[in-house]
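Here is the file upload_10.pdb (PDB, C-alpha atoms).
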```pdb
ATOM      1  CA  MET R  43    -111.657 -13.313  58.551
ATOM      2  CA  GLU R  44    -115.032 -12.613  56.974
ATOM      3  CA  LEU R  45    -118.500 -12.877  58.507
ATOM      4  CA  PRO R  46    -121.250 -14.650  56.562
ATOM      5  CA  GLU R  47    -123.257 -12.368  54.272
ATOM      6  CA  VAL R  48    -126.723 -11.561  55.614
ATOM      7  CA  ARG R  49    -129.570 -10.444  53.308
ATOM      8  CA  ASP R  50    -132.837  -8.950  54.502
ATOM      9  CA  GLU R  51    -135.689  -7.942  52.184
ATOM     10  CA  ILE R  52    -137.267  -4.714  53.415
ATOM     11  CA  SER R  53    -141.008  -4.563  52.750
ATOM     12  CA  TYR R  54    -143.251  -1.553  53.342
ATOM     13  CA  GLN R  55    -144.368  -3.208  56.577
ATOM     14  CA  ARG R  56    -140.773  -3.388  57.815
ATOM     15  CA  VAL R  57    -140.218   0.319  57.157
ATOM     16  CA  VAL R  58    -143.443   1.272  58.900
ATOM     17  CA  MET R  59    -142.353  -0.889  61.855
ATOM     18  CA  ASN R  60    -139.501   1.644  62.263
ATOM     19  CA  SER R  61    -141.924   4.292  63.410
ATOM     20  CA  GLY R  62    -143.878   1.860  65.574
ATOM     21  CA  SER R  63    -140.839   0.494  67.381
ATOM     22  CA  THR R  64    -138.572   3.539  67.633
ATOM     23  CA  TRP R  65    -141.286   6.228  67.914
ATOM     24  CA  ASP R  66    -139.451   8.070  65.133
ATOM     25  CA  TYR R  67    -142.433   9.498  63.247
ATOM     26  CA  PHE R  68    -140.407  11.485  60.726
ATOM     27  CA  PRO R  69    -142.774  11.214  57.711
ATOM     28  CA  GLY R  70    -140.033   9.909  55.402
ATOM     29  CA  HIS R  71    -140.395   6.612  57.283
ATOM     30  CA  PHE R  72    -144.145   6.125  56.717
ATOM     31  CA  ASP R  73    -145.511   8.537  54.080
ATOM     32  CA  PRO R  74    -144.487   7.749  50.460
ATOM     33  CA  ALA R  75    -145.873  11.051  49.140
ATOM     34  CA  TYR R  76    -143.775  12.996  51.654
ATOM     35  CA  ALA R  77    -140.668  10.972  50.785
ATOM     36  CA  GLU R  78    -141.179  11.570  47.052
ATOM     37  CA  ASN R  79    -141.632  15.273  47.702
ATOM     38  CA  GLN R  80    -138.193  15.254  49.373
ATOM     39  CA  GLY R  81    -136.563  13.633  46.331
ATOM     40  CA  HIS R  82    -136.675  10.003  47.492
ATOM     41  CA  PRO R  83    -138.280   7.168  45.464
ATOM     42  CA  THR R  84    -140.332   6.098  48.502
ATOM     43  CA  ILE R  85    -140.101   5.641  52.298
ATOM     44  CA  PHE R  86    -136.803   4.513  53.820
ATOM     45  CA  VAL R  87    -135.568   2.847  57.030
ATOM     46  CA  ASN R  88    -134.211   5.005  59.833
ATOM     47  CA  THR R  89    -130.773   5.122  61.447
ATOM     48  CA  MET R  90    -131.841   2.861  64.305
ATOM     49  CA  HIS R  91    -132.921   0.139  61.841
ATOM     50  CA  LEU R  92    -129.557   0.232  60.022
ATOM     51  CA  ALA R  93    -127.769   0.124  63.385
ATOM     52  CA  GLY R  94    -129.964  -2.764  64.524
ATOM     53  CA  PHE R  95    -129.186  -4.731  61.381
ATOM     54  CA  ALA R  96    -125.433  -4.244  61.910
ATOM     55  CA  ASP R  97    -125.742  -5.256  65.585
ATOM     56  CA  ARG R  98    -127.734  -8.356  64.583
ATOM     57  CA  VAL R  99    -125.081  -9.379  62.049
ATOM     58  CA  ALA R 100    -122.358  -8.981  64.694
ATOM     59  CA  THR R 101    -124.027 -10.732  67.629
ATOM     60  CA  ASP R 102    -125.578 -13.528  65.513
ATOM     61  CA  TRP R 103    -122.035 -14.319  64.438
ATOM     62  CA  ALA R 104    -120.312 -13.884  67.847
ATOM     63  CA  GLY R 105    -123.138 -15.287  70.000
ATOM     64  CA  PRO R 106    -125.671 -13.830  72.428
ATOM     65  CA  GLN R 107    -123.134 -13.426  75.240
ATOM     66  CA  SER R 108    -121.285 -10.866  73.138
ATOM     67  CA  ARG R 109    -122.228  -7.197  73.424
ATOM     68  CA  VAL R 110    -121.941  -4.179  71.131
ATOM     69  CA  VAL R 111    -119.908  -1.558  73.020
ATOM     70  CA  ARG R 112    -119.241   0.887  70.151
ATOM     71  CA  ARG R 113    -120.735   1.491  66.733
ATOM     72  CA  LYS R 114    -119.768   4.215  64.262
ATOM     73  CA  MET R 115    -121.791   4.528  61.097
ATOM     74  CA  ARG R 116    -122.080   6.837  58.115
ATOM     75  CA  LEU R 117    -125.395   7.231  56.288
ATOM     76  CA  ALA R 118    -124.143   7.286  52.704
ATOM     77  CA  GLY R 119    -127.388   6.205  51.023
ATOM     78  CA  SER R 120    -130.862   5.081  51.985
ATOM     79  CA  ILE R 121    -132.494   1.654  52.098
ATOM     80  CA  TYR R 122    -135.982   2.051  50.623
ATOM     81  CA  ALA R 123    -139.081  -0.126  50.908
ATOM     82  CA  GLY R 124    -138.631  -2.837  48.285
ATOM     83  CA  ASP R 125    -134.832  -2.907  48.659
ATOM     84  CA  THR R 126    -132.764  -5.736  50.122
ATOM     85  CA  MET R 127    -130.186  -4.932  52.802
ATOM     86  CA  VAL R 128    -126.970  -6.889  52.370
ATOM     87  CA  SER R 129    -124.183  -7.018  54.959
ATOM     88  CA  ARG R 130    -120.547  -7.838  54.336
ATOM     89  CA  GLY R 131    -118.523  -8.051  57.530
ATOM     90  CA  ARG R 132    -114.942  -8.761  58.484
ATOM     91  CA  ILE R 133    -112.664  -8.676  61.515
ATOM     92  CA  VAL R 134    -110.455  -5.598  61.488
ATOM     93  CA  ALA R 135    -108.543  -5.737  64.779
ATOM     94  CA  LYS R 136    -108.375  -7.060  68.326
ATOM     95  CA  PRO R 137    -107.786  -3.791  70.164
ATOM     96  CA  ALA R 138    -107.648  -5.330  73.652
ATOM     97  CA  PRO R 139    -108.289  -8.696  75.311
ATOM     98  CA  GLY R 140    -111.990  -9.540  74.954
ATOM     99  CA  LEU R 141    -112.640  -6.857  72.337
ATOM    100  CA  LEU R 142    -113.031  -7.267  68.593
ATOM    101  CA  ASP R 143    -113.300  -4.530  65.957
ATOM    102  CA  LEU R 144    -115.480  -5.390  62.971
ATOM    103  CA  GLN R 145    -116.185  -3.573  59.721
ATOM    104  CA  ILE R 146    -119.721  -4.223  58.452
ATOM    105  CA  ASP R 147    -120.698  -2.647  55.142
ATOM    106  CA  ILE R 148    -124.427  -2.462  54.403
ATOM    107  CA  THR R 149    -125.290  -2.242  50.702
ATOM    108  CA  ASN R 150    -128.535  -2.480  48.773
ATOM    109  CA  GLN R 151    -129.309  -5.241  46.236
ATOM    110  CA  ARG R 152    -127.456  -3.266  43.535
ATOM    111  CA  GLY R 153    -124.247  -3.324  45.578
ATOM    112  CA  GLU R 154    -124.439   0.411  46.354
ATOM    113  CA  LEU R 155    -122.845   1.189  49.731
ATOM    114  CA  CYS R 156    -125.547   2.689  51.950
ATOM    115  CA  CYS R 157    -123.992   2.442  55.387
ATOM    116  CA  PRO R 158    -120.416   1.563  56.365
ATOM    117  CA  VAL R 159    -120.299   0.533  60.043
ATOM    118  CA  GLU R 160    -117.351   0.187  62.422
ATOM    119  CA  LEU R 161    -118.422  -1.896  65.394
ATOM    120  CA  THR R 162    -116.642  -3.079  68.545
ATOM    121  CA  LEU R 163    -117.846  -6.235  70.265
ATOM    122  CA  GLN R 164    -117.110  -7.234  73.844
ATOM    123  CA  LEU R 165    -116.741 -11.009  73.949
ATOM    124  CA  PRO R 166    -117.713 -13.196  76.933
TER     125      PRO R 166
ATOM    126  CA  MET V 293    -149.968  16.560  47.136
ATOM    127  CA  THR V 294    -153.176  16.041  49.095
ATOM    128  CA  ASP V 295    -154.105  17.190  52.571
ATOM    129  CA  ALA V 296    -153.442  13.653  53.802
ATOM    130  CA  VAL V 297    -149.723  14.041  53.088
ATOM    131  CA  SER V 298    -147.761  14.692  56.237
ATOM    132  CA  LYS V 299    -146.845  18.214  57.121
ATOM    133  CA  PRO V 300    -143.055  18.586  56.992
ATOM    134  CA  ILE V 301    -142.374  17.613  60.597
ATOM    135  CA  SER V 302    -144.709  16.613  63.360
ATOM    136  CA  TYR V 303    -142.332  17.973  66.003
ATOM    137  CA  ARG V 304    -141.233  21.565  66.411
ATOM    138  CA  LEU V 305    -138.603  22.349  63.810
ATOM    139  CA  ALA V 306    -136.944  25.658  64.694
ATOM    140  CA  PHE V 307    -136.251  28.130  61.894
ATOM    141  CA  GLY V 308    -133.592  30.839  61.874
ATOM    142  CA  THR V 309    -130.269  31.910  60.447
ATOM    143  CA  TYR V 310    -126.871  30.217  60.598
ATOM    144  CA  GLU V 311    -125.729  32.979  62.990
ATOM    145  CA  GLU V 312    -128.606  32.138  65.334
ATOM    146  CA  ALA V 313    -127.746  28.442  65.073
ATOM    147  CA  LEU V 314    -124.144  29.112  66.113
ATOM    148  CA  GLN V 315    -125.395  30.638  69.374
ATOM    149  CA  MET V 316    -126.598  27.170  70.396
ATOM    150  CA  VAL V 317    -123.156  25.565  70.010
ATOM    151  CA  GLY V 318    -121.856  24.438  73.389
ATOM    152  CA  VAL V 319    -125.263  24.668  75.030
ATOM    153  CA  ALA V 320    -126.229  21.565  77.015
ATOM    154  CA  THR V 321    -129.835  20.840  77.955
ATOM    155  CA  GLU V 322    -131.187  20.043  81.382
ATOM    156  CA  PRO V 323    -131.617  16.253  81.759
ATOM    157  CA  ARG V 324    -134.722  15.008  79.946
ATOM    158  CA  ILE V 325    -136.232  11.894  81.561
ATOM    159  CA  ALA V 326    -137.892   9.127  79.528
ATOM    160  CA  GLY V 327    -141.662   9.019  79.962
ATOM    161  CA  THR V 328    -141.597   5.251  80.442
ATOM    162  CA  VAL V 329    -139.080   2.672  81.648
ATOM    163  CA  VAL V 330    -137.303   0.246  79.308
ATOM    164  CA  SER V 331    -139.906  -2.426  78.602
ATOM    165  CA  ALA V 332    -139.986  -5.930  77.137
ATOM    166  CA  ALA V 333    -142.722  -4.833  74.728
ATOM    167  CA  ARG V 334    -140.569  -2.150  73.114
ATOM    168  CA  ILE V 335    -137.438  -4.334  73.210
ATOM    169  CA  GLN V 336    -139.247  -7.072  71.297
ATOM    170  CA  MET V 337    -141.058  -4.737  68.906
ATOM    171  CA  PHE V 338    -137.660  -3.394  67.847
ATOM    172  CA  ALA V 339    -136.049  -6.847  67.690
ATOM    173  CA  ALA V 340    -138.940  -7.890  65.409
ATOM    174  CA  THR V 341    -138.384  -4.827  63.226
ATOM    175  CA  VAL V 342    -134.779  -5.822  62.555
ATOM    176  CA  ARG V 343    -135.546  -9.594  62.849
ATOM    177  CA  ASP V 344    -132.987 -10.180  65.576
ATOM    178  CA  ALA V 345    -133.524 -13.509  67.386
ATOM    179  CA  ASN V 346    -130.861 -12.786  70.043
ATOM    180  CA  PRO V 347    -132.180 -14.453  73.252
ATOM    181  CA  SER V 348    -130.936 -11.441  75.224
ATOM    182  CA  TYR V 349    -134.042  -9.692  73.832
ATOM    183  CA  TRP V 350    -136.529 -12.583  73.929
ATOM    184  CA  ASP V 351    -135.618 -15.184  76.577
ATOM    185  CA  ALA V 352    -136.091 -13.770  80.085
ATOM    186  CA  ASP V 353    -134.267 -16.696  81.733
ATOM    187  CA  PHE V 354    -131.211 -16.416  79.489
ATOM    188  CA  ALA V 355    -131.188 -12.629  79.692
ATOM    189  CA  THR V 356    -131.550 -12.553  83.480
ATOM    190  CA  GLN V 357    -128.750 -15.067  83.919
ATOM    191  CA  HIS V 358    -126.323 -13.213  81.635
ATOM    192  CA  TRP V 359    -127.325  -9.567  81.911
ATOM    193  CA  GLY V 360    -129.681  -9.221  84.867
ATOM    194  CA  GLY V 361    -132.797  -8.882  82.706
ATOM    195  CA  LEU V 362    -133.974  -8.489  79.140
ATOM    196  CA  VAL V 363    -131.516  -6.262  77.289
ATOM    197  CA  ALA V 364    -132.431  -3.136  75.360
ATOM    198  CA  PRO V 365    -131.072  -3.482  71.811
ATOM    199  CA  PRO V 366    -128.192  -0.964  71.632
ATOM    200  CA  ALA V 367    -129.546   0.305  68.318
ATOM    201  CA  LEU V 368    -132.793   1.425  69.959
ATOM    202  CA  LEU V 369    -130.888   3.888  72.199
ATOM    203  CA  MET V 370    -132.310   7.096  70.702
ATOM    204  CA  GLY V 371    -135.810   5.615  70.748
ATOM    205  CA  TRP V 372    -136.083   5.600  74.553
ATOM    206  CA  LEU V 373    -135.974   9.405  74.646
ATOM    207  CA  THR V 374    -138.013   9.990  71.494
ATOM    208  CA  PRO V 375    -141.377  11.422  72.549
ATOM    209  CA  LEU V 376    -144.626  10.037  71.191
ATOM    210  CA  PRO V 377    -146.117  12.287  68.498
ATOM    211  CA  TRP V 378    -149.125  13.121  70.673
ATOM    212  CA  GLN V 379    -149.398  13.715  74.403
ATOM    213  CA  PRO V 380    -152.347  14.618  76.618
ATOM    214  CA  GLY V 381    -152.836  18.341  77.104
ATOM    215  CA  GLY V 382    -152.121  19.229  73.506
ATOM    216  CA  GLN V 383    -148.650  20.694  73.966
ATOM    217  CA  PRO V 384    -146.181  19.580  71.289
ATOM    218  CA  PRO V 385    -143.682  17.039  72.666
ATOM    219  CA  ALA V 386    -140.116  18.198  73.268
ATOM    220  CA  ALA V 387    -138.027  17.230  70.264
ATOM    221  CA  ALA V 388    -134.345  16.285  70.111
ATOM    222  CA  ILE V 389    -132.052  19.306  70.365
ATOM    223  CA  ALA V 390    -130.713  18.737  66.830
ATOM    224  CA  ILE V 391    -133.979  19.812  65.214
ATOM    225  CA  ARG V 392    -134.452  22.686  67.678
ATOM    226  CA  VAL V 393    -131.353  24.395  66.251
ATOM    227  CA  PRO V 394    -132.706  27.388  64.282
ATOM    228  CA  LEU V 395    -131.761  27.027  60.590
ATOM    229  CA  PRO V 396    -133.424  27.708  57.223
ATOM    230  CA  GLY V 397    -133.716  24.058  56.068
ATOM    231  CA  THR V 398    -137.232  22.670  55.749
ATOM    232  CA  THR V 399    -136.324  19.037  56.460
ATOM    233  CA  PHE V 400    -133.433  16.849  57.629
ATOM    234  CA  ILE V 401    -131.767  13.486  57.198
ATOM    235  CA  ASN V 402    -129.234  11.721  59.360
ATOM    236  CA  ALA V 403    -125.636  11.724  58.106
ATOM    237  CA  ALA V 404    -123.520   9.918  60.720
ATOM    238  CA  ASN V 405    -123.737   8.404  64.188
ATOM    239  CA  GLU V 406    -121.253   7.110  66.737
ATOM    240  CA  ALA V 407    -122.488   5.467  69.918
ATOM    241  CA  GLU V 408    -120.687   3.901  72.855
ATOM    242  CA  PHE V 409    -122.283   1.636  75.444
ATOM    243  CA  PRO V 410    -120.280   1.428  78.692
ATOM    244  CA  LEU V 411    -123.058  -0.573  80.393
ATOM    245  CA  PRO V 412    -125.937  -2.711  79.130
ATOM    246  CA  ILE V 413    -129.402  -1.124  79.351
ATOM    247  CA  ILE V 414    -131.848  -3.506  81.043
ATOM    248  CA  GLU V 415    -135.634  -3.862  81.252
ATOM    249  CA  GLY V 416    -136.922  -1.581  84.015
ATOM    250  CA  ASP V 417    -134.182   1.052  83.636
ATOM    251  CA  ARG V 418    -135.435   4.626  83.408
ATOM    252  CA  LEU V 419    -133.120   6.614  81.161
ATOM    253  CA  SER V 420    -132.437  10.301  81.024
ATOM    254  CA  VAL V 421    -130.469  12.254  78.448
ATOM    255  CA  VAL V 422    -128.405  15.433  78.403
ATOM    256  CA  GLU V 423    -128.025  16.812  74.880
ATOM    257  CA  GLU V 424    -125.419  19.252  73.595
ATOM    258  CA  VAL V 425    -124.889  20.946  70.234
ATOM    259  CA  VAL V 426    -121.248  20.298  69.305
ATOM    260  CA  SER V 427    -121.058  22.129  65.974
ATOM    261  CA  VAL V 428    -123.043  23.606  63.097
ATOM    262  CA  SER V 429    -121.286  23.641  59.712
ATOM    263  CA  PRO V 430    -121.288  26.529  57.246
ATOM    264  CA  GLU V 431    -123.727  26.106  54.361
ATOM    265  CA  LYS V 432    -122.969  23.031  52.206
ATOM    266  CA  GLN V 433    -124.345  21.865  48.876
ATOM    267  CA  THR V 434    -125.064  18.128  48.611
ATOM    268  CA  LYS V 435    -126.986  16.041  46.089
ATOM    269  CA  LEU V 436    -130.065  16.377  48.355
ATOM    270  CA  GLY V 437    -129.983  20.156  48.602
ATOM    271  CA  VAL V 438    -128.384  23.077  50.413
ATOM    272  CA  GLY V 439    -128.085  23.047  54.187
ATOM    273  CA  HIS V 440    -126.012  22.701  57.338
ATOM    274  CA  PHE V 441    -124.593  19.723  59.226
ATOM    275  CA  VAL V 442    -125.597  19.739  62.907
ATOM    276  CA  GLU V 443    -123.447  17.646  65.256
ATOM    277  CA  THR V 444    -124.847  16.787  68.675
ATOM    278  CA  MET V 445    -123.663  14.737  71.638
ATOM    279  CA  ASP V 446    -126.156  12.930  73.869
ATOM    280  CA  THR V 447    -125.215  11.384  77.208
ATOM    281  CA  PHE V 448    -127.644   8.766  78.502
ATOM    282  CA  SER V 449    -127.805   7.852  82.195
ATOM    283  CA  ARG V 450    -129.941   5.416  84.142
ATOM    284  CA  GLN V 451    -131.788   5.939  87.408
ATOM    285  CA  ASP V 452    -128.681   5.407  89.614
ATOM    286  CA  GLY V 453    -126.774   8.103  87.721
ATOM    287  CA  SER V 454    -124.442   5.732  85.842
ATOM    288  CA  VAL V 455    -123.745   6.693  82.239
ATOM    289  CA  VAL V 456    -124.962   3.820  80.060
ATOM    290  CA  ALA V 457    -124.352   5.322  76.614
ATOM    291  CA  THR V 458    -123.071   8.287  74.651
ATOM    292  CA  ASN V 459    -124.347   9.145  71.205
ATOM    293  CA  ARG V 460    -122.637  11.527  68.782
ATOM    294  CA  ASN V 461    -124.903  12.288  65.838
ATOM    295  CA  THR V 462    -124.565  14.378  62.680
ATOM    296  CA  LEU V 463    -127.745  15.441  60.933
ATOM    297  CA  PHE V 464    -128.067  17.312  57.621
ATOM    298  CA  ARG V 465    -130.664  20.071  57.881
ATOM    299  CA  PHE V 466    -131.535  21.158  54.347
ATOM    300  CA  THR V 467    -134.007  22.422  51.815
ATOM    301  CA  PRO V 468    -134.564  19.813  49.082
ATOM    302  CA  VAL V 469    -133.443  20.478  45.508
ATOM    303  CA  GLY V 470    -136.308  21.849  43.438
ATOM    304  CA  SER V 471    -138.440  23.071  46.346
ATOM    305  CA  SER V 472    -138.883  26.732  47.115
TER     306      SER V 472
END
```
Encoded form using structure tokens:
Amino acid sequence: MELPEVRDEISYQRVVMNSGSTWDYFPGHFDPAYAENQGHPTIFVNTMHLAGFADRVATDWAGPQSRVVRRKMRLAGSIYAGDTMVSRGRIVAKPAPGLLDLQIDITNQRGELCCPVELTLQLP
Amino acid sequence: MTDAVSKPISYRLAFGTYEEALQMVGVATEPRIAGTVVSAARIQMFAATVRDANPSYWDADFATQHWGGLVAPPALLMGWLTPLPWQPGGQPPAAAIAIRVPLPGTTFINAANEAEFPLPIIEGDRLSVVEEVVSVSPEKQTKLGVGHFVETMDTFSRQDGSVVATNRNTLFRFTPVGSS
């Protein structure tokens, strides 16, 4: 079974909100000149933002009484300011009563896989 | 590049050799306690960042009934123990152990993360973390540059001593292609 696709356009403001909300002031998340100097086109979202997007996709679908109990993610590519995050999710397994394993792949608007996520939900 | 461009890292990035880095493998830190408790303001600032309308983060009545209080978004876990970039007294804030591993790389990027959440984290909880360096890889060449993968394991506890989360993280500490 597949989860509905979720798309989220990431503006400069959204990337800068990473530093404000997570206190992660690595300059690649707020300083375009620094990011370019490191070989990136511009600033990019942090790990917590990618994780938060995956969690949102999972719990929006399963309901607010569900809870993320495990999340494994690989940072394969970055989501930059101006990109759109796209999630494609599916149920992978029911490892135990009340638990559900999901696979949520986060790509950019060009379909490039940026962050594959394995996530386990505890259901009410 | 102008003077306004950020210096490489605002926190202390330790420099050294791979051999020095290996000496930190297996070392666990003393518990580091969050400067502030889990707060509704930070919960909702993060939920707004990722545009998550989950009432567990926004609706105190719903959240109290189901969880005992507003819930900390699991994805914000590392943020509770991330120090602010400035503190009174002028001493640099203590950084995560992963970037205190002495290595040659001038910058870093996250490569992988695996977190588990045995218990929900609730508004008012004061978290502490014990960090451990699990491994440091030999030198690797990637499309970003040459560097080392640093794997760490964080264990987060709340004020009553219960473990609320574990966080296994792999960071790539490297020198970018084309920089000297």
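Evaluated against this file, the PyMOL selection byres ((chain V) within 6 of (chain R)) yields V:Met337, V:Phe338, V:Thr341, V:Val342, V:Asp344, V:Asn346, V:Ala367, V:Leu368, V:Gly371, V:Ala403, V:Ala404, V:Asn405, V:Glu406, V:Ala407, V:Glu408, V:Phe409, V:Pro468.
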- Task: Carefully work through the PyMOL selection byres ((chain V and resi 390) around 9) for this structure and note down the residues it includes, as a PyMOL selection string.
- Result: chain V and resi 387-389+391-393+423-425+442-444+461-463
- Query: For this file, the PyMOL selection byres ((chain V and resi 315-321) around 6) selects which residues, as JSON, numbers by chain?
  - Reply: {"V": [312, 313, 314, 322, 422, 423, 424, 425, 426, 427]}
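Across V:Thr398, V:Thr309, V:Gln336, V:Thr328, the tightest approach to V:Thr467 is made by V:Thr398 when counting all atoms listed in the file.
Minimum atom-to-atom distances from R:Phe86, R:Leu163, R:Met43, R:Ile121 to R:Val134 were compared using only C-alpha atoms, and the lowest value belongs to R:Met43.
Proximity ranking of V:Ala386, V:Ile335, V:Val330, V:Leu376 relative to V:Arg304 places V:Ala386 first, based on only C-alpha atoms.
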Box centre and edge lengths (Å, one decimal), axis-aligned, stretch 46-51 of chain R plus 6 Å each side, as AutoDock Vina command-line options:
```
--center_x -128.5 --center_y -11.3 --center_z 54.4 --size_x 26.4 --size_y 18.7 --size_z 16.4
```
Close residues, V:Pro323 itself excluded, 10 Å, all atoms listed in the file, min 5 positions apart in chain, as an mmCIF file with C-alpha atoms, in the coordinates of the input:
```
data_model
loop_
_atom_site.group_PDB
_atom_site.id
_atom_site.type_symbol
_atom_site.label_atom_id
_atom_site.label_comp_id
_atom_site.auth_asym_id
_atom_site.auth_seq_id
_atom_site.Cartn_x
_atom_site.Cartn_y
_atom_site.Cartn_z
ATOM 1 C CA LEU V 419 -133.120 6.614 81.161
ATOM 2 C CA SER V 420 -132.437 10.301 81.024
ATOM 3 C CA VAL V 421 -130.469 12.254 78.448
ATOM 4 C CA VAL V 422 -128.405 15.433 78.403
ATOM 5 C CA GLU V 423 -128.025 16.812 74.880
ATOM 6 C CA THR V 447 -125.215 11.384 77.208
ATOM 7 C CA PHE V 448 -127.644 8.766 78.502
ATOM 8 C CA SER V 449 -127.805 7.852 82.195
#
```
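Nearest residue to V:Leu362 among V:Ile413, V:Ile325, V:Ala339, V:Ile401 is V:Ile413, counting only C-alpha atoms.
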- Task: Go ahead and compute the interatomic distance for atom CA of R:Gln145 and atom CA of R:Arg132, in Å to one decimal.
- Result: 5.5 Å
- What is the atom CA of R:Glu51-atom CA of R:Arg152 distance in Å, reported with one decimal? 12.8 Å
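What separates atom CA of V:Gln433 from atom CA of V:Asp446 is a distance of 26.6 Å.
Proximity to V:Arg418 was assessed for V:Gly439, V:Pro375, V:Gly327, V:Pro396 counting all atoms listed in the file; the smallest distance is recorded for V:Gly327.
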